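Everything below belongs to my_file_29.txt, which stores compact mmCIF, C-alpha atoms.
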# COMPACT_ATOMS: atom_id res chain seq x y z
CA MET A 1310 87.29 3.73 169.93
CA ARG A 1311 86.53 3.01 166.29
CA THR A 1312 89.43 2.35 163.92
CA ILE A 1313 89.06 2.54 160.14
CA LEU A 1314 91.91 1.06 158.10
CA ILE A 1315 91.81 2.45 154.57
CA THR A 1316 93.62 0.83 151.66
CA GLY A 1317 93.24 0.22 147.96
CA PRO A 1318 95.21 -0.16 144.75
CA GLY A 1319 98.06 2.26 144.15
CA GLY A 1320 96.82 5.49 142.58
CA SER A 1321 93.21 4.91 143.65
CA GLY A 1322 93.07 8.03 145.84
CA ARG A 1323 93.01 6.17 149.14
CA THR A 1324 94.98 8.90 150.97
CA THR A 1325 92.54 11.56 149.80
CA VAL A 1326 89.60 9.42 150.93
CA ALA A 1327 91.28 8.82 154.30
CA ALA A 1328 91.77 12.56 154.79
CA ALA A 1329 88.18 13.29 153.69
CA THR A 1330 86.81 10.59 156.01
CA ALA A 1331 88.69 12.02 158.98
CA LEU A 1332 87.58 15.58 158.20
CA ALA A 1333 83.93 14.56 157.79
CA ALA A 1334 84.03 12.76 161.15
CA ALA A 1335 85.60 15.76 162.89
CA ARG A 1336 82.89 18.05 161.49
CA GLU A 1337 80.31 15.73 163.04
CA GLY A 1338 81.87 16.33 166.44
CA ILE A 1339 83.91 13.10 166.55
CA ARG A 1340 87.41 13.55 167.98
CA THR A 1341 89.46 12.12 165.13
CA LEU A 1342 93.10 11.25 164.52
CA VAL A 1343 94.25 10.47 160.98
CA LEU A 1344 97.47 8.49 160.76
CA GLY A 1345 99.63 8.75 157.63
CA THR A 1346 102.13 6.15 156.45
CA ASP A 1347 103.56 7.74 153.29
CA ARG A 1348 107.06 9.15 153.69
CA ASN A 1349 106.29 11.79 151.01
CA ASP A 1350 103.50 13.36 153.09
CA SER A 1351 100.72 12.79 150.59
CA LEU A 1352 98.38 13.06 153.58
CA GLY A 1353 99.57 16.61 154.27
CA ALA A 1354 99.12 17.50 150.61
CA ALA A 1355 95.51 16.35 150.71
CA LEU A 1356 94.77 18.12 153.99
CA GLY A 1357 96.55 21.31 152.99
CA THR A 1358 98.61 21.10 156.22
CA ALA A 1359 102.04 19.53 156.48
CA THR A 1360 102.20 16.48 158.75
CA GLY A 1361 105.14 14.88 160.52
CA PRO A 1362 106.43 13.13 163.67
CA ALA A 1363 104.58 15.55 165.95
CA PRO A 1364 100.75 15.44 165.82
CA VAL A 1365 99.33 18.60 164.26
CA ALA A 1366 95.85 20.11 164.54
CA VAL A 1367 94.31 20.42 161.07
CA ALA A 1368 90.80 21.52 161.95
CA PRO A 1369 88.58 21.58 165.04
CA GLY A 1370 88.45 18.00 166.32
CA LEU A 1371 90.91 16.71 163.71
CA THR A 1372 94.57 15.80 164.37
CA ALA A 1373 97.01 14.40 161.82
CA TRP A 1374 100.13 12.39 162.60
CA ARG A 1375 102.80 10.85 160.37
CA PRO A 1376 105.31 8.92 162.54
CA ASP A 1377 109.03 8.98 161.80
CA PRO A 1378 110.35 5.40 161.30
CA ALA A 1379 113.96 6.54 161.74
CA ALA A 1380 113.39 7.78 165.30
CA GLY A 1381 111.76 4.54 166.43
CA PHE A 1382 114.46 2.47 164.75
CA ARG A 1383 117.24 4.41 166.51
CA GLN A 1384 115.54 4.04 169.89
CA ASP A 1385 115.00 0.29 169.48
CA LEU A 1386 118.57 -0.38 168.33
CA ALA A 1387 120.05 1.79 171.08
CA ARG A 1388 118.02 -0.12 173.67
CA LEU A 1389 119.14 -3.45 172.20
CA GLN A 1390 122.79 -2.36 172.24
CA ASP A 1391 122.53 -1.39 175.90
CA ARG A 1392 121.09 -4.78 176.84
CA ALA A 1393 123.68 -6.68 174.78
CA SER A 1394 126.66 -4.56 175.83
CA THR A 1395 128.37 -7.47 177.63
CA VAL A 1396 128.20 -9.71 174.58
CA LEU A 1397 129.38 -6.90 172.29
CA ASP A 1398 132.35 -6.23 174.59
CA LEU A 1399 133.35 -9.90 174.53
CA LEU A 1400 133.23 -9.85 170.74
CA GLY A 1401 135.24 -6.63 170.57
CA ALA A 1402 132.44 -4.90 168.67
CA SER A 1403 132.14 -1.12 168.56
CA PRO A 1404 128.64 0.13 169.37
CA LEU A 1405 126.86 2.14 166.72
CA ASP A 1406 126.21 5.80 167.30
CA PRO A 1407 122.52 6.77 166.97
CA GLY A 1408 123.48 9.54 164.57
CA GLU A 1409 124.85 7.09 162.00
CA LEU A 1410 121.81 4.82 161.95
CA THR A 1411 119.41 4.74 159.02
CA PRO A 1412 116.23 2.66 158.99
CA LEU A 1413 116.50 -0.85 157.60
CA PRO A 1414 113.78 -2.45 155.43
CA GLY A 1415 110.79 -3.13 157.63
CA ALA A 1416 111.36 -0.14 159.95
CA GLU A 1417 108.49 1.79 158.36
CA GLU A 1418 106.07 -1.09 158.89
CA LEU A 1419 107.07 -1.44 162.53
CA ALA A 1420 106.75 2.31 163.08
CA THR A 1421 103.26 2.27 161.58
CA LEU A 1422 102.17 -0.65 163.74
CA ARG A 1423 103.57 0.93 166.90
CA ALA A 1424 101.83 4.22 166.11
CA LEU A 1425 98.55 2.42 165.43
CA ARG A 1426 98.78 0.57 168.74
CA ASP A 1427 99.76 3.65 170.74
CA ALA A 1428 96.99 5.77 169.23
CA ALA A 1429 94.36 3.11 169.85
CA LEU A 1430 95.41 2.45 173.44
CA ALA A 1431 95.78 6.14 174.35
CA GLU A 1432 92.00 6.67 174.01
CA ALA A 1433 92.56 10.37 173.33
CA HIS A 1434 90.29 10.23 170.27
CA ASP A 1435 86.97 8.64 169.36
CA LEU A 1436 87.98 7.65 165.83
CA LEU A 1437 91.30 6.59 164.33
CA VAL A 1438 91.59 6.71 160.53
CA VAL A 1439 94.69 4.97 159.18
CA ASP A 1440 95.91 5.62 155.64
CA LEU A 1441 97.49 2.24 154.93
CA PRO A 1442 99.86 1.55 152.01
CA PRO A 1443 98.50 0.04 148.76
CA VAL A 1444 96.76 -3.32 149.07
CA PRO A 1445 99.68 -5.79 148.82
CA HIS A 1446 101.77 -3.91 151.38
CA ALA A 1447 98.75 -3.26 153.59
CA LEU A 1448 97.91 -6.96 153.77
CA ALA A 1449 101.52 -7.81 154.62
CA LEU A 1450 101.43 -5.12 157.31
CA LEU A 1451 98.25 -6.50 158.88
CA ALA A 1452 99.78 -10.00 158.92
CA LEU A 1453 103.02 -8.90 160.55
CA PRO A 1454 102.00 -8.99 164.26
CA GLU A 1455 100.70 -12.55 164.08
CA GLU A 1456 103.70 -13.78 162.11
CA LEU A 1457 106.24 -12.09 164.39
CA ARG A 1458 104.58 -13.59 167.48
CA ARG A 1459 104.74 -17.02 165.89
CA TYR A 1460 108.45 -16.61 165.12
CA LEU A 1461 109.15 -15.49 168.69
CA ARG A 1462 107.32 -18.47 170.18
CA ARG A 1463 109.23 -20.87 167.95
CA LEU A 1464 112.67 -19.33 168.53
CA LEU A 1465 112.25 -18.51 172.24
CA PRO A 1466 109.40 -20.62 173.65
CA PRO A 1467 108.01 -19.03 176.83
CA GLU A 1468 108.04 -22.38 178.65
CA ARG A 1469 111.84 -22.39 178.55
CA GLN A 1470 111.88 -19.49 180.97
CA ALA A 1471 110.75 -21.88 183.69
CA ALA A 1472 114.20 -23.49 183.60
CA ARG A 1473 116.09 -20.24 184.23
CA ALA A 1474 117.59 -21.64 187.47
CA LEU A 1475 118.99 -24.61 185.56
CA ARG A 1476 120.45 -22.52 182.76
CA PRO A 1477 124.06 -22.48 184.06
CA VAL A 1478 123.98 -26.27 184.58
CA LEU A 1479 122.44 -26.87 181.17
CA GLY A 1480 125.07 -24.63 179.62
CA ARG A 1481 127.90 -26.68 181.13
CA LEU A 1482 126.29 -29.96 180.08
CA ALA A 1483 125.64 -28.76 176.53
CA GLY A 1484 129.02 -27.09 176.22
CA VAL A 1485 127.48 -23.90 174.82
CA PRO A 1486 126.21 -20.79 176.63
CA MET A 1487 122.47 -20.64 177.22
CA PRO A 1488 120.50 -17.55 176.19
CA ALA A 1489 120.83 -14.72 178.68
CA GLU A 1490 117.96 -13.61 180.87
CA TRP A 1491 117.64 -10.26 179.05
CA LEU A 1492 116.93 -12.08 175.79
CA TYR A 1493 113.88 -13.81 177.25
CA GLU A 1494 112.75 -10.58 178.89
CA THR A 1495 113.04 -8.75 175.57
CA ALA A 1496 111.12 -11.51 173.78
CA ALA A 1497 108.40 -11.39 176.44
CA ARG A 1498 108.11 -7.60 176.07
CA TRP A 1499 107.89 -7.87 172.29
CA ASP A 1500 105.28 -10.59 172.56
CA LEU A 1501 103.20 -8.42 174.87
CA GLU A 1502 103.41 -5.44 172.50
CA LEU A 1503 102.50 -7.58 169.49
CA ALA A 1504 99.59 -9.13 171.40
CA ALA A 1505 98.26 -5.63 172.15
CA LEU A 1506 98.48 -4.76 168.47
CA GLU A 1507 96.72 -7.99 167.46
CA ALA A 1508 93.95 -7.10 169.90
CA VAL A 1509 93.53 -3.69 168.23
CA LEU A 1510 93.33 -5.25 164.76
CA ALA A 1511 90.90 -7.94 165.93
CA ASP A 1512 88.70 -5.54 167.90
CA LYS A 1513 85.07 -5.38 166.79
CA GLY A 1514 85.47 -1.61 166.42
CA THR A 1515 88.21 -2.02 163.80
CA THR A 1516 87.12 -2.19 160.17
CA VAL A 1517 88.79 -2.13 156.78
CA ARG A 1518 87.61 0.20 154.04
CA LEU A 1519 88.61 -0.36 150.41
CA VAL A 1520 89.07 2.47 147.90
CA ALA A 1521 89.23 1.79 144.17
CA GLU A 1522 88.39 3.42 140.88
CA PRO A 1523 85.60 1.56 139.04
CA SER A 1524 87.51 0.02 136.14
CA PRO A 1525 88.68 -3.43 135.00
CA ALA A 1526 91.91 -2.97 136.95
CA GLY A 1527 89.90 -1.85 139.98
CA LEU A 1528 87.72 -4.96 139.75
CA ASP A 1529 90.77 -7.21 139.79
CA ALA A 1530 92.39 -5.30 142.65
CA VAL A 1531 89.27 -5.41 144.84
CA HIS A 1532 88.87 -9.14 144.18
CA THR A 1533 92.47 -9.76 145.26
CA ALA A 1534 92.15 -7.53 148.32
CA THR A 1535 88.94 -9.23 149.47
CA LEU A 1536 90.56 -12.66 149.27
CA GLY A 1537 93.66 -11.48 151.18
CA LEU A 1538 91.51 -9.87 153.88
CA ALA A 1539 89.35 -12.98 154.20
CA LEU A 1540 92.41 -15.11 154.89
CA ARG A 1541 93.19 -12.72 157.78
CA GLY A 1542 89.61 -13.05 159.06
CA LEU A 1543 88.64 -9.55 157.88
CA ARG A 1544 86.03 -8.13 155.53
CA PRO A 1545 85.60 -4.56 154.25
CA ASP A 1546 82.80 -2.53 155.81
CA THR A 1547 82.49 -0.28 152.76
CA LEU A 1548 83.85 -0.11 149.24
CA ILE A 1549 84.48 3.44 148.06
CA ALA A 1550 84.07 3.77 144.30
CA ASN A 1551 86.30 6.78 143.86
CA ARG A 1552 86.45 9.41 141.11
CA VAL A 1553 83.07 8.49 139.67
CA LEU A 1554 82.21 10.54 136.59
CA PRO A 1555 78.89 12.43 136.51
CA GLU A 1556 76.08 10.74 134.61
CA ASP A 1557 75.75 13.70 132.23
CA ALA A 1558 79.36 13.22 131.06
CA GLY A 1559 78.39 10.56 128.57
CA ASP A 1560 79.04 12.51 125.38
CA GLY A 1561 82.26 12.42 123.40
CA TRP A 1562 85.33 10.54 124.55
CA LEU A 1563 84.00 10.22 128.13
CA ALA A 1564 81.22 7.85 126.99
CA GLY A 1565 83.57 4.86 127.09
CA PRO A 1566 85.03 5.48 130.57
CA LEU A 1567 81.56 6.25 131.94
CA ALA A 1568 80.13 2.97 130.62
CA GLN A 1569 83.13 1.15 132.05
CA GLN A 1570 82.52 2.72 135.47
CA ARG A 1571 78.84 1.82 135.43
CA LYS A 1572 79.63 -1.81 134.69
CA ALA A 1573 82.21 -2.02 137.50
CA VAL A 1574 79.95 -0.35 140.07
CA ASP A 1575 77.02 -2.63 139.14
CA GLU A 1576 79.26 -5.65 139.70
CA TRP A 1577 80.44 -4.31 143.06
CA ASP A 1578 76.89 -3.53 144.17
CA ALA A 1579 76.11 -7.25 144.14
CA ALA A 1580 78.79 -8.05 146.74
CA TYR A 1581 79.66 -4.89 148.70
CA ASP A 1582 78.22 -1.87 150.42
CA VAL A 1583 79.33 0.55 147.71
CA ARG A 1584 79.57 4.31 148.23
CA ARG A 1585 80.24 6.53 145.24
CA VAL A 1586 82.60 9.49 145.54
CA ARG A 1587 82.39 11.87 142.62
CA HIS A 1588 85.23 13.15 140.50
CA LEU A 1589 85.86 16.85 141.21
CA GLY A 1590 87.59 17.43 137.91
CA HIS A 1591 90.88 18.07 139.69
CA ASP A 1592 93.01 16.61 142.46
CA PRO A 1593 91.42 17.52 145.82
CA ARG A 1594 93.59 19.83 147.91
CA GLY A 1595 92.64 21.35 151.25
CA THR A 1596 89.64 21.00 153.53
CA ASP A 1597 87.14 22.64 151.14
CA ASP A 1598 87.82 20.09 148.40
CA LEU A 1599 87.77 17.21 150.90
CA ALA A 1600 84.40 18.33 152.24
CA ALA A 1601 83.04 18.49 148.68
CA LEU A 1602 83.76 14.77 148.22
CA ALA A 1603 81.02 13.90 150.76
CA VAL A 1604 82.57 10.60 151.83
CA PRO A 1605 80.75 8.40 154.36
CA VAL A 1606 82.03 8.58 157.93
CA VAL A 1607 81.35 5.84 160.44
CA GLU A 1608 79.26 2.95 159.18
CA ALA A 1609 77.96 0.07 161.25
CA ALA A 1610 80.77 -2.43 161.72
CA PRO A 1611 80.22 -5.62 159.71
CA ALA A 1612 79.58 -8.84 161.56
CA PRO A 1613 82.85 -10.46 162.66
CA VAL A 1614 84.21 -13.14 160.38
CA GLU A 1615 83.95 -16.55 162.02
CA TRP A 1616 85.71 -19.81 161.19
CA PRO A 1617 83.30 -22.26 162.88
CA VAL A 1618 83.86 -25.98 163.45
CA GLU A 1619 80.74 -27.93 162.49
CA ASP A 1620 80.08 -31.12 164.43
CA ARG A 1621 79.01 -33.84 161.99
CA LEU A 1622 80.32 -36.77 163.99
CA ALA A 1623 76.93 -38.39 164.43
CA ALA A 1624 75.96 -38.17 160.75
CA ASP A 1625 79.26 -38.50 158.88
CA GLY A 1626 81.91 -39.21 161.52
CA VAL A 1627 83.77 -35.93 160.83
CA LEU A 1628 84.25 -32.41 162.10
CA VAL A 1629 84.17 -29.73 159.40
CA TRP A 1630 86.19 -26.53 159.73
CA ARG A 1631 84.53 -23.84 157.60
CA ILE A 1632 86.78 -20.99 156.42
CA PRO A 1633 85.17 -18.18 154.35
CA LEU A 1634 87.35 -17.37 151.33
CA PRO A 1635 85.20 -15.35 148.90
CA GLY A 1636 86.66 -15.25 145.41
CA ALA A 1637 89.03 -18.16 145.98
CA VAL A 1638 89.75 -20.49 143.06
CA ARG A 1639 90.21 -24.21 143.67
CA GLU A 1640 93.39 -24.38 141.59
CA ASP A 1641 95.01 -21.61 143.67
CA LEU A 1642 94.33 -23.25 147.06
CA ASP A 1643 96.80 -25.34 149.00
CA LEU A 1644 96.68 -26.89 152.49
CA VAL A 1645 99.51 -28.35 154.55
CA ARG A 1646 99.20 -29.57 158.11
CA ARG A 1647 102.23 -29.18 160.38
CA GLY A 1648 101.63 -30.51 163.86
CA ASP A 1649 98.99 -28.37 165.55
CA GLU A 1650 98.98 -25.81 162.74
CA ILE A 1651 97.64 -25.71 159.22
CA VAL A 1652 99.17 -23.68 156.40
CA VAL A 1653 96.51 -22.17 154.11
CA THR A 1654 97.60 -20.74 150.76
CA ALA A 1655 95.10 -18.83 148.62
CA ALA A 1656 96.57 -17.40 145.41
CA GLU A 1657 99.43 -15.13 146.49
CA PHE A 1658 98.44 -15.13 150.17
CA ARG A 1659 99.55 -17.53 152.89
CA ARG A 1660 98.70 -17.91 156.56
CA VAL A 1661 99.78 -20.35 159.26
CA VAL A 1662 96.79 -20.92 161.56
CA PRO A 1663 96.71 -22.82 164.87
CA LEU A 1664 94.14 -25.61 164.83
CA PRO A 1665 91.21 -25.35 167.25
CA SER A 1666 91.78 -27.64 170.23
CA ALA A 1667 89.25 -30.27 169.13
CA LEU A 1668 90.87 -30.61 165.69
CA ARG A 1669 94.35 -31.20 167.10
CA ARG A 1670 93.23 -34.70 168.06
CA CYS A 1671 92.04 -35.42 164.51
CA THR A 1672 93.50 -36.28 161.16
CA VAL A 1673 92.68 -34.42 157.95
CA ALA A 1674 90.23 -36.41 155.86
CA GLY A 1675 89.85 -34.04 152.93
CA ALA A 1676 88.81 -30.55 151.88
CA GLY A 1677 86.59 -28.84 149.36
CA LEU A 1678 85.68 -25.34 148.16
CA ARG A 1679 81.97 -24.56 147.92
CA GLU A 1680 80.27 -21.21 147.45
CA GLY A 1681 83.33 -19.24 148.50
CA GLU A 1682 83.93 -21.33 151.61
CA LEU A 1683 86.80 -23.73 152.27
CA ARG A 1684 85.56 -26.77 154.19
CA ILE A 1685 88.22 -28.99 155.76
CA ARG A 1686 87.08 -32.38 157.08
CA PHE A 1687 88.71 -33.93 160.14
CA GLU A 1688 88.33 -37.48 161.44
CA PRO A 1689 88.95 -38.21 165.13
CA ASP A 1690 92.25 -39.98 165.82
CA ALA A 1691 91.30 -43.16 167.70
CA GLN A 1692 94.47 -43.00 169.80
CA LEU A 1693 93.83 -39.42 170.95
CA TRP A 1694 90.06 -39.05 170.92
CA PRO A 1695 88.26 -39.81 174.22
CA ARG A 1696 86.25 -43.00 174.08
CA THR A 1697 82.67 -43.21 175.38
CA PRO A 1698 81.80 -46.29 177.44

Encoding of this model in structure tokens:
Amino acid sequence: MRTILITGPGGSGRTTVAAATALAAAREGIRTLVLGTDRNDSLGAALGTATGPAPVAVAPGLTAWRPDPAAGFRQDLARLQDRASTVLDLLGASPLDPGELTPLPGAEELATLRALRDAALAEAHDLLVVDLPPVPHALALLALPEELRRYLRRLLPPERQAARALRPVLGRLAGVPMPAEWLYETAARWDLELAALEAVLADKGTTVRLVAEPSPAGLDAVHTATLGLALRGLRPDTLIANRVLPEDAGDGWLAGPLAQQRKAVDEWDAAYDVRRVRHLGHDPRGTDDLAALAVPVVEAAPAPVEWPVEDRLAADGVLVWRIPLPGAVREDLDLVRRGDEIVVTAAEFRRVVPLPSALRRCTVAGAGLREGELRIRFEPDAQLWPRTP
């Protein structure tokens, strides 16, 4: 199944483009599900059909779904309370009633991720179109599965489960109770669910589509989004230049905005596969308006982003890890190695990446930024690197 993740700056019309993309695919005979993430049902407003926790048929071959974060939050907390009932009883705590629970910060993100995973794994549709939040929140959302898995592995390492038979003895020796079996089981279940979600995001059939209005602010937003996506190992398949004015609108006060749009689109054309979506003169509402936008449907997926390790041991005595970071600025880059991981910071974005196995036996010899690519040099550690006779 193909998955198209659509995001862009706030107010760029990304929800409208997501709805129009899903409708166009359905009219081509592609079984399509469009997933909304806005609590105000902007997706339903664009489609002309209210959406909610239950999937609703919008048109032949098109289903819309907007998951309820409150329901998932209540279910997760109720399940956690049941598993921890013994501990809560010892503490004299009163369990919370599901009716009094309201979602905490982060519940919406988790609900979106769970819905994305469930929809992708169900294989009930041929295309999944996801209306992600604006760019900064969308990038944080895409990073969440990897970061949560890393936290789980650090706090509850899977290898500790091998000592479950020794846990009572270790507890007496340490003088503190060891984590209960259910805690490790819960962590293992969460890790499995997050791994499934990571697989969906990393699948070759999953692409990101950017939506922006051609303007100076749009140029800056697309530049920032491209850098954030590159740090996640992603690149947009298409850039939708939205609300493009007609060429014959150059008289009067529209001459300035039209010239501004032309300049922005020309700049984008040099780096992206740009598709223009015209301005209708009003906010699109309903399937007729969405069809009039004529948005592209399923494009060929871009080549996967690779972070190769170049072997230059014979020539220079180093291995070079090449990380594509288009648009990165040298002054905004920072690298920190921590054990078998490296922390890469690019502008406002940060990612902790495990080192490839060969580089774990090396020391960092330096780094440089050339032509939008970060190149980190590693020298073999004589004490760890295998010696040739």

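The residue that comes closest to Leu1548 (chain A), out of A:Gly1527, A:Pro1689, A:Pro1362, A:Gly1677 and on the basis of all atoms listed in the file, is A:Gly1527.
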
Students should find that CA of Asp1560 (chain A) and CA of Arg1585 (chain A) are spaced 20.8 Å

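Among the candidate residues A:Ala1431, A:Val1661, A:Leu1642, A:Val1653, the one lying nearest to Leu1453 (chain A) is A:Val1661, with distances computed using all atoms listed in the file.
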
Residues within 9 Å of region 1344-1359 of chain A, please, as an MDAnalysis selection string. Count only C-alpha atoms; anything in the same chain fewer than 4 positions from it doesn't count. chainID A and resid 1324:1325 1327:1329 1332 1365:1367 1372:1377 1417:1418 1420:1421 1424:1425 1428 1437:1442 1592:1596 1598:1599

Keeping C-alpha atoms for every residue in the selection just given, could you write it to a file as a PDB file, keeping the file's coordinate frame?
ATOM      1  CA  THR A1324      94.980   8.900 150.970  1.00  0.00           C
ATOM      2  CA  THR A1325      92.540  11.560 149.800  1.00  0.00           C
ATOM      3  CA  ALA A1327      91.280   8.820 154.300  1.00  0.00           C
ATOM      4  CA  ALA A1328      91.770  12.560 154.790  1.00  0.00           C
ATOM      5  CA  ALA A1329      88.180  13.290 153.690  1.00  0.00           C
ATOM      6  CA  LEU A1332      87.580  15.580 158.200  1.00  0.00           C
ATOM      7  CA  VAL A1365      99.330  18.600 164.260  1.00  0.00           C
ATOM      8  CA  ALA A1366      95.850  20.110 164.540  1.00  0.00           C
ATOM      9  CA  VAL A1367      94.310  20.420 161.070  1.00  0.00           C
ATOM     10  CA  THR A1372      94.570  15.800 164.370  1.00  0.00           C
ATOM     11  CA  ALA A1373      97.010  14.400 161.820  1.00  0.00           C
ATOM     12  CA  TRP A1374     100.130  12.390 162.600  1.00  0.00           C
ATOM     13  CA  ARG A1375     102.800  10.850 160.370  1.00  0.00           C
ATOM     14  CA  PRO A1376     105.310   8.920 162.540  1.00  0.00           C
ATOM     15  CA  ASP A1377     109.030   8.980 161.800  1.00  0.00           C
ATOM     16  CA  GLU A1417     108.490   1.790 158.360  1.00  0.00           C
ATOM     17  CA  GLU A1418     106.070  -1.090 158.890  1.00  0.00           C
ATOM     18  CA  ALA A1420     106.750   2.310 163.080  1.00  0.00           C
ATOM     19  CA  THR A1421     103.260   2.270 161.580  1.00  0.00           C
ATOM     20  CA  ALA A1424     101.830   4.220 166.110  1.00  0.00           C
ATOM     21  CA  LEU A1425      98.550   2.420 165.430  1.00  0.00           C
ATOM     22  CA  ALA A1428      96.990   5.770 169.230  1.00  0.00           C
ATOM     23  CA  LEU A1437      91.300   6.590 164.330  1.00  0.00           C
ATOM     24  CA  VAL A1438      91.590   6.710 160.530  1.00  0.00           C
ATOM     25  CA  VAL A1439      94.690   4.970 159.180  1.00  0.00           C
ATOM     26  CA  ASP A1440      95.910   5.620 155.640  1.00  0.00           C
ATOM     27  CA  LEU A1441      97.490   2.240 154.930  1.00  0.00           C
ATOM     28  CA  PRO A1442      99.860   1.550 152.010  1.00  0.00           C
ATOM     29  CA  ASP A1592      93.010  16.610 142.460  1.00  0.00           C
ATOM     30  CA  PRO A1593      91.420  17.520 145.820  1.00  0.00           C
ATOM     31  CA  ARG A1594      93.590  19.830 147.910  1.00  0.00           C
ATOM     32  CA  GLY A1595      92.640  21.350 151.250  1.00  0.00           C
ATOM     33  CA  THR A1596      89.640  21.000 153.530  1.00  0.00           C
ATOM     34  CA  ASP A1598      87.820  20.090 148.400  1.00  0.00           C
ATOM     35  CA  LEU A1599      87.770  17.210 150.900  1.00  0.00           C
TER      36      LEU A1599
END

Expressed in Å, the length from CA of Gln1692 (chain A) to CA of Arg1459 (chain A) is 28.2 Å

Self-check item: Neighbour list for Leu1519 (chain A) as JSON, numbers by chain, cut-off 10 Å, only C-alpha atoms, skip fewer than 5 positions in-chain
Solution: {"A": [1314, 1315, 1316, 1317, 1318, 1321, 1323, 1326, 1444, 1530, 1531, 1534, 1535, 1544, 1545, 1546, 1547, 1548, 1549, 1550, 1551, 1583]}

Taken to one decimal, the CA of Ile1339 (chain A)-CA of Ala1433 (chain A) distance is 11.3 Å

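Distance annotation: of A:Pro1665, A:Glu1640, A:Glu1502, A:Asp1529, the residue with the minimal separation from Asp1427 (chain A) is A:Glu1502; atom set is all atoms listed in the file.
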
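Of the residues under consideration (A:Leu1457, A:Leu1371, A:Leu1465, A:Ser1524), A:Ser1524 shows the shortest atom-to-atom contact distance to Asp1575 (chain A) when counting only C-alpha atoms.
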
Residue with the minimum atom-to-atom distance to Arg1336 (chain A), picked from A:Thr1360, A:Leu1563, A:Ala1655, A:Gly1370 with only C-alpha atoms counted, is A:Gly1370
